[in-house]
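*Asks:* Here you go, this is query04.tsv (TSV, C-alpha atoms).
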chain	number	residue	atom	x	y	z
A	1	MET	CA	-18.18	-7.05	-17.91
A	2	SER	CA	-15.24	-9.51	-18.06
A	3	VAL	CA	-15.45	-13.29	-18.45
A	4	SER	CA	-15.05	-13.55	-14.66
A	5	GLY	CA	-18.24	-11.55	-14.17
A	6	LEU	CA	-16.32	-8.59	-12.73
A	7	SER	CA	-16.52	-5.13	-14.24
A	8	HIS	CA	-13.26	-3.28	-15.01
A	9	LEU	CA	-13.89	-1.12	-11.92
A	10	ASP	CA	-14.26	-4.27	-9.79
A	11	VAL	CA	-10.90	-5.52	-11.09
A	12	LEU	CA	-9.16	-2.18	-10.42
A	13	GLU	CA	-10.71	-1.94	-6.96
A	14	SER	CA	-9.66	-5.50	-6.10
A	15	GLU	CA	-6.08	-4.84	-7.21
A	16	ALA	CA	-5.82	-1.61	-5.18
A	17	VAL	CA	-7.27	-3.24	-2.06
A	18	TYR	CA	-4.81	-6.12	-2.45
A	19	ILE	CA	-1.89	-3.67	-2.69
A	20	MET	CA	-2.99	-1.79	0.43
A	21	ARG	CA	-3.32	-5.00	2.42
A	22	GLU	CA	0.11	-6.06	1.13
A	23	VAL	CA	1.56	-2.79	2.46
A	24	ALA	CA	-0.11	-3.32	5.84
A	25	GLY	CA	1.46	-6.79	6.00
A	26	GLU	CA	4.96	-5.90	4.77
A	27	PHE	CA	5.74	-2.54	6.37
A	28	GLU	CA	5.94	-1.16	9.91
A	29	ARG	CA	5.19	2.56	9.42
A	30	PRO	CA	3.13	3.25	6.26
A	31	VAL	CA	1.47	6.59	5.55
A	32	VAL	CA	-1.00	7.78	2.89
A	33	LEU	CA	-0.41	11.04	1.03
A	34	PHE	CA	-3.66	13.01	1.19
A	35	SER	CA	-4.35	16.36	-0.48
A	36	GLY	CA	-8.16	16.29	-0.56
A	37	GLY	CA	-8.10	15.81	-4.33
A	38	LYS	CA	-10.04	13.18	-6.27
A	39	ASP	CA	-7.23	10.61	-6.42
A	40	SER	CA	-6.43	10.80	-2.72
A	41	MET	CA	-10.17	10.62	-1.92
A	42	VAL	CA	-10.42	7.42	-3.97
A	43	MET	CA	-7.32	6.13	-2.14
A	44	LEU	CA	-8.92	6.89	1.22
A	45	HIS	CA	-12.19	5.26	0.16
A	46	LEU	CA	-10.32	2.12	-0.94
A	47	GLY	CA	-8.33	2.07	2.30
A	48	LEU	CA	-11.47	2.31	4.42
A	49	LYS	CA	-12.97	-0.56	2.39
A	50	ALA	CA	-9.81	-2.67	2.59
A	51	PHE	CA	-9.74	-2.77	6.37
A	52	ALA	CA	-13.43	-2.38	7.33
A	53	PRO	CA	-14.86	-2.75	9.88
A	54	ALA	CA	-11.50	-1.86	11.48
A	55	ALA	CA	-10.17	1.69	11.24
A	56	LEU	CA	-7.69	2.71	8.54
A	57	PRO	CA	-4.32	1.49	9.93
A	58	PHE	CA	-2.36	4.29	8.23
A	59	PRO	CA	-2.08	8.01	9.13
A	60	LEU	CA	-2.36	10.66	6.41
A	61	LEU	CA	0.32	13.13	5.26
A	62	HIS	CA	-0.37	16.39	3.40
A	63	VAL	CA	2.32	18.68	2.02
A	64	ASP	CA	0.71	22.12	2.38
A	65	THR	CA	2.30	24.63	0.01
A	66	GLY	CA	0.59	27.59	1.74
A	67	HIS	CA	-1.03	28.41	-1.60
A	68	ASN	CA	-3.64	25.67	-1.58
A	69	PHE	CA	-7.23	26.39	-2.55
A	70	PRO	CA	-9.12	27.30	0.68
A	71	GLU	CA	-12.09	25.10	-0.30
A	72	VAL	CA	-9.80	22.08	-0.52
A	73	ILE	CA	-8.15	22.68	2.88
A	74	GLU	CA	-11.61	23.05	4.46
A	75	TYR	CA	-12.72	19.84	2.74
A	76	ARG	CA	-9.54	18.00	3.85
A	77	ASP	CA	-10.08	18.92	7.49
A	78	GLY	CA	-13.76	17.89	7.30
A	79	VAL	CA	-12.86	14.44	5.92
A	80	VAL	CA	-10.20	13.92	8.60
A	81	ALA	CA	-12.63	14.86	11.38
A	82	ARG	CA	-15.50	12.78	9.94
A	83	HIS	CA	-13.45	9.58	9.81
A	84	GLY	CA	-11.36	10.19	12.94
A	85	LEU	CA	-8.09	10.03	10.97
A	86	ARG	CA	-4.57	11.06	11.99
A	87	LEU	CA	-3.17	13.82	9.76
A	88	HIS	CA	0.45	15.00	9.52
A	89	VAL	CA	0.98	18.33	7.72
A	90	ALA	CA	4.36	19.22	6.19
A	91	SER	CA	4.38	22.98	5.60
A	92	VAL	CA	6.34	24.59	2.75
A	93	GLN	CA	5.81	27.99	4.42
A	94	GLU	CA	7.62	26.84	7.57
A	95	PHE	CA	10.66	25.83	5.52
A	96	ILE	CA	10.64	29.21	3.75
A	97	ASP	CA	10.29	31.06	7.08
A	98	GLY	CA	13.18	29.00	8.48
A	99	GLY	CA	15.45	29.89	5.56
A	100	VAL	CA	15.72	26.30	4.31
A	101	LEU	CA	13.80	27.07	1.12
A	102	ARG	CA	13.70	30.21	-0.98
A	103	GLU	CA	10.58	31.54	-2.71
A	104	ARG	CA	10.82	31.15	-6.49
A	105	PRO	CA	10.60	34.30	-8.65
A	106	ASP	CA	7.52	32.90	-10.42
A	107	GLY	CA	5.72	32.26	-7.09
A	108	THR	CA	5.34	28.58	-7.89
A	109	ARG	CA	5.67	26.36	-4.84
A	110	ASN	CA	5.01	22.91	-6.28
A	111	PRO	CA	8.73	22.32	-6.95
A	112	LEU	CA	9.40	23.26	-3.29
A	113	GLN	CA	7.34	20.37	-1.90
A	114	SER	CA	10.09	17.75	-2.12
A	115	VAL	CA	12.09	18.95	0.90
A	116	PRO	CA	9.14	19.14	3.38
A	117	LEU	CA	7.92	15.77	2.09
A	118	THR	CA	11.25	13.99	2.44
A	119	GLU	CA	11.89	15.59	5.86
A	120	ALA	CA	8.49	14.38	7.11
A	121	ILE	CA	9.28	10.86	5.87
A	122	ARG	CA	12.67	10.94	7.57
A	123	LEU	CA	11.51	12.39	10.90
A	124	GLN	CA	8.45	10.13	11.16
A	125	ARG	CA	10.45	7.12	9.91
A	126	PHE	CA	7.76	6.19	7.38
A	127	ASP	CA	8.86	3.10	5.45
A	128	ALA	CA	6.02	3.01	2.90
A	129	VAL	CA	4.35	6.11	1.42
A	130	LEU	CA	1.16	5.45	-0.53
A	131	GLY	CA	0.12	7.95	-3.18
A	132	GLY	CA	-2.57	8.36	-5.80
A	133	GLY	CA	-0.20	8.75	-8.79
A	134	ARG	CA	-1.40	7.10	-12.00
A	135	ARG	CA	0.55	6.05	-15.10
A	136	ASP	CA	-1.76	7.93	-17.47
A	137	GLU	CA	-0.93	11.30	-15.87
A	138	GLU	CA	2.58	11.93	-17.15
A	139	LYS	CA	5.37	10.00	-18.91
A	140	ALA	CA	7.70	9.88	-15.88
A	141	ARG	CA	4.92	8.31	-13.84
A	142	ALA	CA	4.16	5.91	-16.68
A	143	LYS	CA	7.48	4.12	-16.25
A	144	GLU	CA	7.43	3.83	-12.46
A	145	ARG	CA	6.59	0.56	-10.69
A	146	VAL	CA	3.71	0.03	-8.20
A	147	PHE	CA	6.34	-0.43	-5.46
A	148	SER	CA	9.00	2.21	-6.12
A	149	LEU	CA	12.17	2.05	-4.03
A	150	ARG	CA	13.64	5.34	-2.77
A	151	ASP	CA	17.13	5.68	-1.30
A	152	GLN	CA	18.09	7.25	2.05
A	153	PHE	CA	17.70	10.71	0.47
A	154	SER	CA	14.22	9.84	-0.94
A	155	GLN	CA	15.65	9.91	-4.45
A	156	TRP	CA	14.26	7.76	-7.24
A	157	GLU	CA	16.74	5.92	-9.45
A	158	PRO	CA	14.98	4.40	-12.50
A	159	ARG	CA	17.75	1.80	-12.94
A	160	ARG	CA	16.99	0.36	-9.47
A	161	GLN	CA	13.39	-0.50	-10.37
A	162	ARG	CA	12.45	-4.09	-9.70
A	163	PRO	CA	10.43	-6.47	-11.87
A	164	GLU	CA	6.80	-6.93	-10.81
A	165	LEU	CA	5.60	-10.21	-12.29
A	166	TRP	CA	2.26	-11.80	-11.45
A	167	GLN	CA	1.53	-8.96	-8.95
A	168	LEU	CA	4.47	-9.99	-6.75
A	169	TYR	CA	5.63	-6.79	-5.06
A	170	ASN	CA	9.07	-6.47	-3.48
A	171	GLY	CA	9.04	-4.23	-0.40
A	172	ARG	CA	12.57	-5.02	0.77
A	173	HIS	CA	14.64	-1.96	1.59
A	174	LEU	CA	17.65	-1.01	3.67
A	175	PRO	CA	17.44	1.09	6.86
A	176	MET	CA	16.61	4.76	5.99
A	177	GLU	CA	15.31	3.73	2.55
A	178	HIS	CA	11.57	3.57	1.91
A	179	VAL	CA	9.11	2.52	-0.77
A	180	ARG	CA	6.60	4.71	-2.56
A	181	VAL	CA	3.46	2.71	-3.38
A	182	PHE	CA	0.94	3.52	-6.11
A	183	PRO	CA	-2.25	1.42	-5.85
A	184	LEU	CA	-3.92	3.46	-8.64
A	185	SER	CA	-1.10	2.97	-11.16
A	186	ASN	CA	-3.30	1.11	-13.62
A	187	TRP	CA	-6.27	3.52	-13.35
A	188	THR	CA	-7.04	6.32	-15.79
A	189	GLU	CA	-8.63	9.67	-15.01
A	190	LEU	CA	-11.87	8.31	-16.49
A	191	ASP	CA	-11.68	5.20	-14.27
A	192	VAL	CA	-11.31	7.44	-11.22
A	193	TRP	CA	-14.39	9.48	-12.12
A	194	GLN	CA	-16.45	6.40	-12.96
A	195	TYR	CA	-15.49	4.92	-9.59
A	196	ILE	CA	-16.40	8.19	-7.83
A	197	ALA	CA	-19.81	8.01	-9.53
A	198	ARG	CA	-20.33	4.35	-8.62
A	199	GLU	CA	-19.25	4.75	-4.98
A	200	GLN	CA	-20.86	8.20	-4.59
A	201	ILE	CA	-17.66	9.73	-3.20
A	202	GLU	CA	-17.96	13.37	-2.18
A	203	LEU	CA	-15.42	15.82	-3.67
A	204	PRO	CA	-14.42	19.47	-3.11
A	205	SER	CA	-16.61	21.94	-4.99
A	206	ILE	CA	-13.79	23.18	-7.25
A	207	TYR	CA	-14.05	19.99	-9.33
A	208	PHE	CA	-17.41	21.19	-10.66
A	209	ALA	CA	-18.23	24.16	-12.88
A	210	HIS	CA	-18.73	27.44	-11.03
A	211	GLU	CA	-18.16	31.15	-11.64
A	212	ARG	CA	-14.69	32.22	-10.55
A	213	GLU	CA	-12.26	35.09	-11.02
A	214	VAL	CA	-9.35	33.94	-13.20
A	215	PHE	CA	-6.74	35.37	-15.52
A	216	ARG	CA	-4.92	33.94	-18.54
A	217	ARG	CA	-1.23	32.90	-18.40
A	218	ASP	CA	0.61	30.44	-20.64
A	219	GLY	CA	-2.67	29.12	-22.02
A	220	MET	CA	-4.17	28.38	-18.57
A	221	TRP	CA	-6.83	30.07	-16.46
A	222	LEU	CA	-5.16	30.77	-13.09
A	223	ALA	CA	-6.67	32.04	-9.82
A	224	PRO	CA	-5.47	35.46	-8.61
A	225	GLY	CA	-3.80	35.49	-5.21
A	226	ASP	CA	-0.95	36.51	-2.94
A	227	TRP	CA	1.34	34.09	-4.74
A	228	GLY	CA	2.00	36.61	-7.52
A	229	GLY	CA	-0.86	36.77	-9.96
A	230	PRO	CA	-1.91	38.62	-11.99
A	231	ARG	CA	1.08	40.51	-13.40
A	232	ALA	CA	0.90	43.77	-15.30
A	233	GLY	CA	-1.13	43.27	-18.45
A	234	GLU	CA	-2.93	40.16	-17.16
A	235	VAL	CA	-6.64	40.86	-16.86
A	236	VAL	CA	-8.85	39.25	-14.20
A	237	GLU	CA	-12.27	38.17	-15.45
A	238	LYS	CA	-15.15	36.03	-14.26
A	239	ARG	CA	-15.56	32.71	-16.09
A	240	ARG	CA	-17.45	29.49	-15.59
A	241	VAL	CA	-14.67	26.99	-14.90
A	242	ARG	CA	-13.75	23.85	-12.99
A	243	TYR	CA	-10.47	22.19	-11.96
A	244	ARG	CA	-9.26	18.76	-13.11
A	245	THR	CA	-6.57	18.59	-10.40
A	246	VAL	CA	-6.01	20.28	-7.06
A	247	GLY	CA	-2.61	21.66	-6.13
A	248	ASP	CA	-0.72	24.88	-5.62
A	249	MET	CA	-2.79	27.84	-6.88
A	250	SER	CA	0.23	29.30	-8.66
A	251	CYS	CA	0.48	26.51	-11.22
A	252	THR	CA	-2.89	24.72	-11.25
A	253	GLY	CA	-5.09	25.91	-14.09
A	254	ALA	CA	-8.86	25.78	-14.47
A	255	VAL	CA	-10.67	24.74	-17.64
A	256	ASP	CA	-13.80	26.28	-19.15
A	257	SER	CA	-16.64	23.92	-18.31
A	258	ALA	CA	-20.38	23.59	-17.84
A	259	ALA	CA	-20.08	20.28	-15.93
A	260	THR	CA	-21.87	20.63	-12.58
A	261	SER	CA	-22.29	16.92	-11.81
A	262	VAL	CA	-20.12	13.80	-11.77
A	263	GLU	CA	-21.97	12.47	-14.83
A	264	ALA	CA	-21.34	15.68	-16.75
A	265	VAL	CA	-17.64	15.60	-15.81
A	266	ILE	CA	-17.38	12.01	-17.09
A	267	ALA	CA	-18.93	13.07	-20.41
A	268	GLU	CA	-16.48	15.99	-20.63
A	269	ILE	CA	-13.41	13.81	-19.91
A	270	THR	CA	-14.54	11.18	-22.40
A	271	ALA	CA	-14.45	13.80	-25.16
A	272	SER	CA	-11.15	15.39	-24.05
A	273	ARG	CA	-7.87	14.53	-25.79
A	274	LEU	CA	-5.65	16.18	-23.15
A	275	THR	CA	-4.54	14.60	-19.87
A	276	GLU	CA	-5.38	16.51	-16.74
A	277	ARG	CA	-1.72	17.38	-16.08
A	278	GLY	CA	-1.08	18.31	-19.68
A	279	ALA	CA	-4.05	20.65	-19.63
A	280	THR	CA	-3.79	22.24	-16.21
A	281	ARG	CA	-0.38	21.89	-14.51
A	282	GLY	CA	2.10	24.65	-15.20
A	283	ASP	CA	4.90	22.99	-13.19
A	284	ASP	CA	5.00	20.13	-15.69
A	285	ARG	CA	5.81	22.64	-18.44
A	286	LEU	CA	9.01	23.92	-16.85
A	287	SER	CA	11.01	21.48	-18.96
A	288	GLU	CA	10.55	18.32	-21.05
A	289	ALA	CA	11.66	16.18	-18.09
A	290	ALA	CA	10.25	18.36	-15.27
A	291	MET	CA	8.38	15.55	-13.50
A	292	GLU	CA	11.24	13.05	-13.77
A	293	ASP	CA	13.70	15.62	-12.41
A	294	ARG	CA	11.42	16.29	-9.42
A	295	LYS	CA	10.91	12.57	-8.80
A	296	ARG	CA	14.67	12.04	-8.72
A	297	GLU	CA	14.83	14.74	-6.00
A	298	GLY	CA	12.16	13.06	-3.87
A	299	TYR	CA	8.90	14.42	-5.28
A	300	PHE	CA	5.98	12.09	-5.82
Could you spell out this file's structure in structure tokens?
*Replies:*
Amino acid sequence: MSVSGLSHLDVLESEAVYIMREVAGEFERPVVLFSGGKDSMVMLHLGLKAFAPAALPFPLLHVDTGHNFPEVIEYRDGVVARHGLRLHVASVQEFIDGGVLRERPDGTRNPLQSVPLTEAIRLQRFDAVLGGGRRDEEKARAKERVFSLRDQFSQWEPRRQRPELWQLYNGRHLPMEHVRVFPLSNWTELDVWQYIAREQIELPSIYFAHEREVFRRDGMWLAPGDWGGPRAGEVVEKRRVRYRTVGDMSCTGAVDSAATSVEAVIAEITASRLTERGATRGDDRLSEAAMEDRKREGYF
């Protein structure tokens, strides 16, 4: 508890709500990125709180790689229906079918998300895109501002970052430019789970330990599927696992776990010395600067 009487979760919640209301006041066509994962569920929960009893004033946008976990897509659609939300879906598969994108030899589609995302932003003329990115996830995200200016091609240029003193956010942008907004920048993975526990936020079942068929590749337990796994010599086995992130099945790894409740997950994360992306995201291992390269191309 701080000297103001607020807990650290109260402070983080207050900051995120303030940022969302700032976006509603500054921009004409904001949108919230929503994958059905824990960070986007916390974002949605904060957005509903920020504007209650009115409805969330922003639509949602999901970039569907076509290789998403079926449980997460089912959960996403249930949340949208339950809250009466507007959902835009940008499909990687449609861009592959149309010849705009080409399937990668490794079957990984996460790097292919940038084009559908930036096209959706351009066509819908979104001027602010809110996402659940956090600074503790990865070093490229650690150096990005809360309000991150993107040019007319959705590209991020680190040298164009603006100072953010005393929580004064600069949303000015030229026509065709937009701003990516990260209300959870100052949260950690542990903060997110503690907030989920406090607010009793429901999550997809894959976040909790369950028996699942997986195989080992590059030190990660991956789910078999049409995306290209397993290869010759890779053996499928049943293990008790859970996921720390949700994303494309081709590059999102599970971890061995016995955590079947939010409290057990919090205990597990507290003892872990690996970030969720470092432990379970193969696309971040493509190169030392993989995330920064993707962000420069328009990725979140």
*Asks:* With distances taken over only C-alpha atoms, which residue among A:Gln194, A:Thr65, A:Ser205, A:Gln161 lies nearest Ala267 of chain A?
*Replies:*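 Of A:Gln194, A:Thr65, A:Ser205, A:Gln161, the one nearest Ala267 of chain A, counting only C-alpha atoms, is A:Gln194.
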*Asks:* Which centre and which edge lengths, in Å to one decimal, describe the axis-aligned box that holds all listed atoms of segment 188-191 of chain A after 8 Å is added on each side, as lines of an AutoDock Vina configuration file?
*Replies:*
center_x = -9.5
center_y = 7.4
center_z = -15.4
size_x = 20.8
size_y = 20.5
size_z = 18.2
*Asks:* Interatomic distance between atom CA of Ala128 of chain A and atom CA of Ser154 of chain A?
*Replies:*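 Separation between atom CA of Ala128 of chain A and atom CA of Ser154 of chain A: 11.3 Å.
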*Asks:* How far is it from atom CA of Val236 of chain A to atom CA of Leu222 of chain A, in Å with one decimal?
*Replies:* 9.3 Å
*Asks:* Using only C-alpha atoms, what does the table of segment 140-174 of chain A residues within 10 Å of segment 113-124 of chain A look like, with each row giving the shortest atom pair and its distance in Å to one decimal, sorted by chain and ascending number, as a Markdown table?
*Replies:*
| residue | atom | partner | partner_atom | distance |
| --- | --- | --- | --- | --- |
| A:Gln152 | CA | A:Arg122 | CA | 8.6 |
| A:Phe153 | CA | A:Thr118 | CA | 7.5 |
| A:Ser154 | CA | A:Thr118 | CA | 6.1 |
| A:Gln155 | CA | A:Thr118 | CA | 9.1 |
*Asks:* Work out how far apart atom CA of Glu213 of chain A and atom CA of Glu237 of chain A are and give it in Å to one decimal.
*Replies:*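 According to the coordinates, atom CA of Glu213 of chain A and atom CA of Glu237 of chain A are separated by 5.4 Å.
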*Asks:* From the list A:Tyr75, A:Trp221, A:Phe58, A:Tyr207, which residue is nearest Val23 of chain A when using only C-alpha atoms?
*Replies:*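 That would be A:Phe58, the residue with the smallest distance to Val23 of chain A.
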*Asks:* Using only C-alpha atoms, which residue out of A:Leu61, A:Ile73, A:Val265, A:Ala209 lies closest to Arg86 of chain A?
*Replies:*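 Looking only at the distances to Arg86 of chain A, the closest residue turns out to be A:Leu61.
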*Asks:* Using only C-alpha atoms, which residue out of A:Val129, A:Val235, A:Leu12, A:Met41 lies closest to Val72 of chain A?
*Replies:*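 Distance minimum relative to Val72 of chain A lands on A:Met41.
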*Asks:* Residues near Arg231 of chain A, anyone? I mean within 10 Å using only C-alpha atoms, not counting same-chain ones fewer than 3 positions away, as a PyMOL selection string.
*Replies:* chain A and resi 215+217+224+228+234-235
*Asks:* Using all atoms listed in the file, list the residues that have an atom at most 10 Å from (-6.6, 22.4, 2.2), coordinates as in the file, as a PDB file with C-alpha atoms, keeping the file's coordinate frame.
*Replies:*
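Output file selection.pdb follows:
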ATOM      1  CA  PHE A  34      -3.660  13.010   1.190  1.00  0.00           C
ATOM      2  CA  SER A  35      -4.350  16.360  -0.480  1.00  0.00           C
ATOM      3  CA  GLY A  36      -8.160  16.290  -0.560  1.00  0.00           C
ATOM      4  CA  GLY A  37      -8.100  15.810  -4.330  1.00  0.00           C
ATOM      5  CA  HIS A  62      -0.370  16.390   3.400  1.00  0.00           C
ATOM      6  CA  VAL A  63       2.320  18.680   2.020  1.00  0.00           C
ATOM      7  CA  ASP A  64       0.710  22.120   2.380  1.00  0.00           C
ATOM      8  CA  THR A  65       2.300  24.630   0.010  1.00  0.00           C
ATOM      9  CA  GLY A  66       0.590  27.590   1.740  1.00  0.00           C
ATOM     10  CA  HIS A  67      -1.030  28.410  -1.600  1.00  0.00           C
ATOM     11  CA  ASN A  68      -3.640  25.670  -1.580  1.00  0.00           C
ATOM     12  CA  PHE A  69      -7.230  26.390  -2.550  1.00  0.00           C
ATOM     13  CA  PRO A  70      -9.120  27.300   0.680  1.00  0.00           C
ATOM     14  CA  GLU A  71     -12.090  25.100  -0.300  1.00  0.00           C
ATOM     15  CA  VAL A  72      -9.800  22.080  -0.520  1.00  0.00           C
ATOM     16  CA  ILE A  73      -8.150  22.680   2.880  1.00  0.00           C
ATOM     17  CA  GLU A  74     -11.610  23.050   4.460  1.00  0.00           C
ATOM     18  CA  TYR A  75     -12.720  19.840   2.740  1.00  0.00           C
ATOM     19  CA  ARG A  76      -9.540  18.000   3.850  1.00  0.00           C
ATOM     20  CA  ASP A  77     -10.080  18.920   7.490  1.00  0.00           C
ATOM     21  CA  GLY A  78     -13.760  17.890   7.300  1.00  0.00           C
ATOM     22  CA  PRO A 204     -14.420  19.470  -3.110  1.00  0.00           C
ATOM     23  CA  VAL A 246      -6.010  20.280  -7.060  1.00  0.00           C
ATOM     24  CA  GLY A 247      -2.610  21.660  -6.130  1.00  0.00           C
TER      25      GLY A 247
END
*Asks:* Ranking A:Ser261, A:Thr252, A:Thr245, A:Ser185 by minimum distance to Glu202 of chain A and counting only C-alpha atoms, which one comes first?
*Replies:* A:Ser261
*Asks:* Find the residue from A:His88, A:Leu130, A:Glu199, A:Leu101 that sits nearest to Met43 of chain A; use all atoms listed in the file when measuring.
*Replies:*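 Ranking A:His88, A:Leu130, A:Glu199, A:Leu101 by distance to Met43 of chain A, first place goes to A:Leu130.
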*Asks:* What's the 8 Å shell around Arg242 of chain A, counting only C-alpha atoms, without same-chain residues fewer than 3 positions away, as an NGL selection string?
*Replies:* :A and (206-210 or 254-257 or 259)
*Asks:* Any idea what's packed within 12 Å of Tyr195 of chain A, counting only C-alpha atoms, ignoring anything in its chain fewer than 5 positions away? Could you give it as a PyMOL selection string?
*Replies:* chain A and resi 7-13+38-39+41-43+45-46+184+187-190+200-202+262-263+266
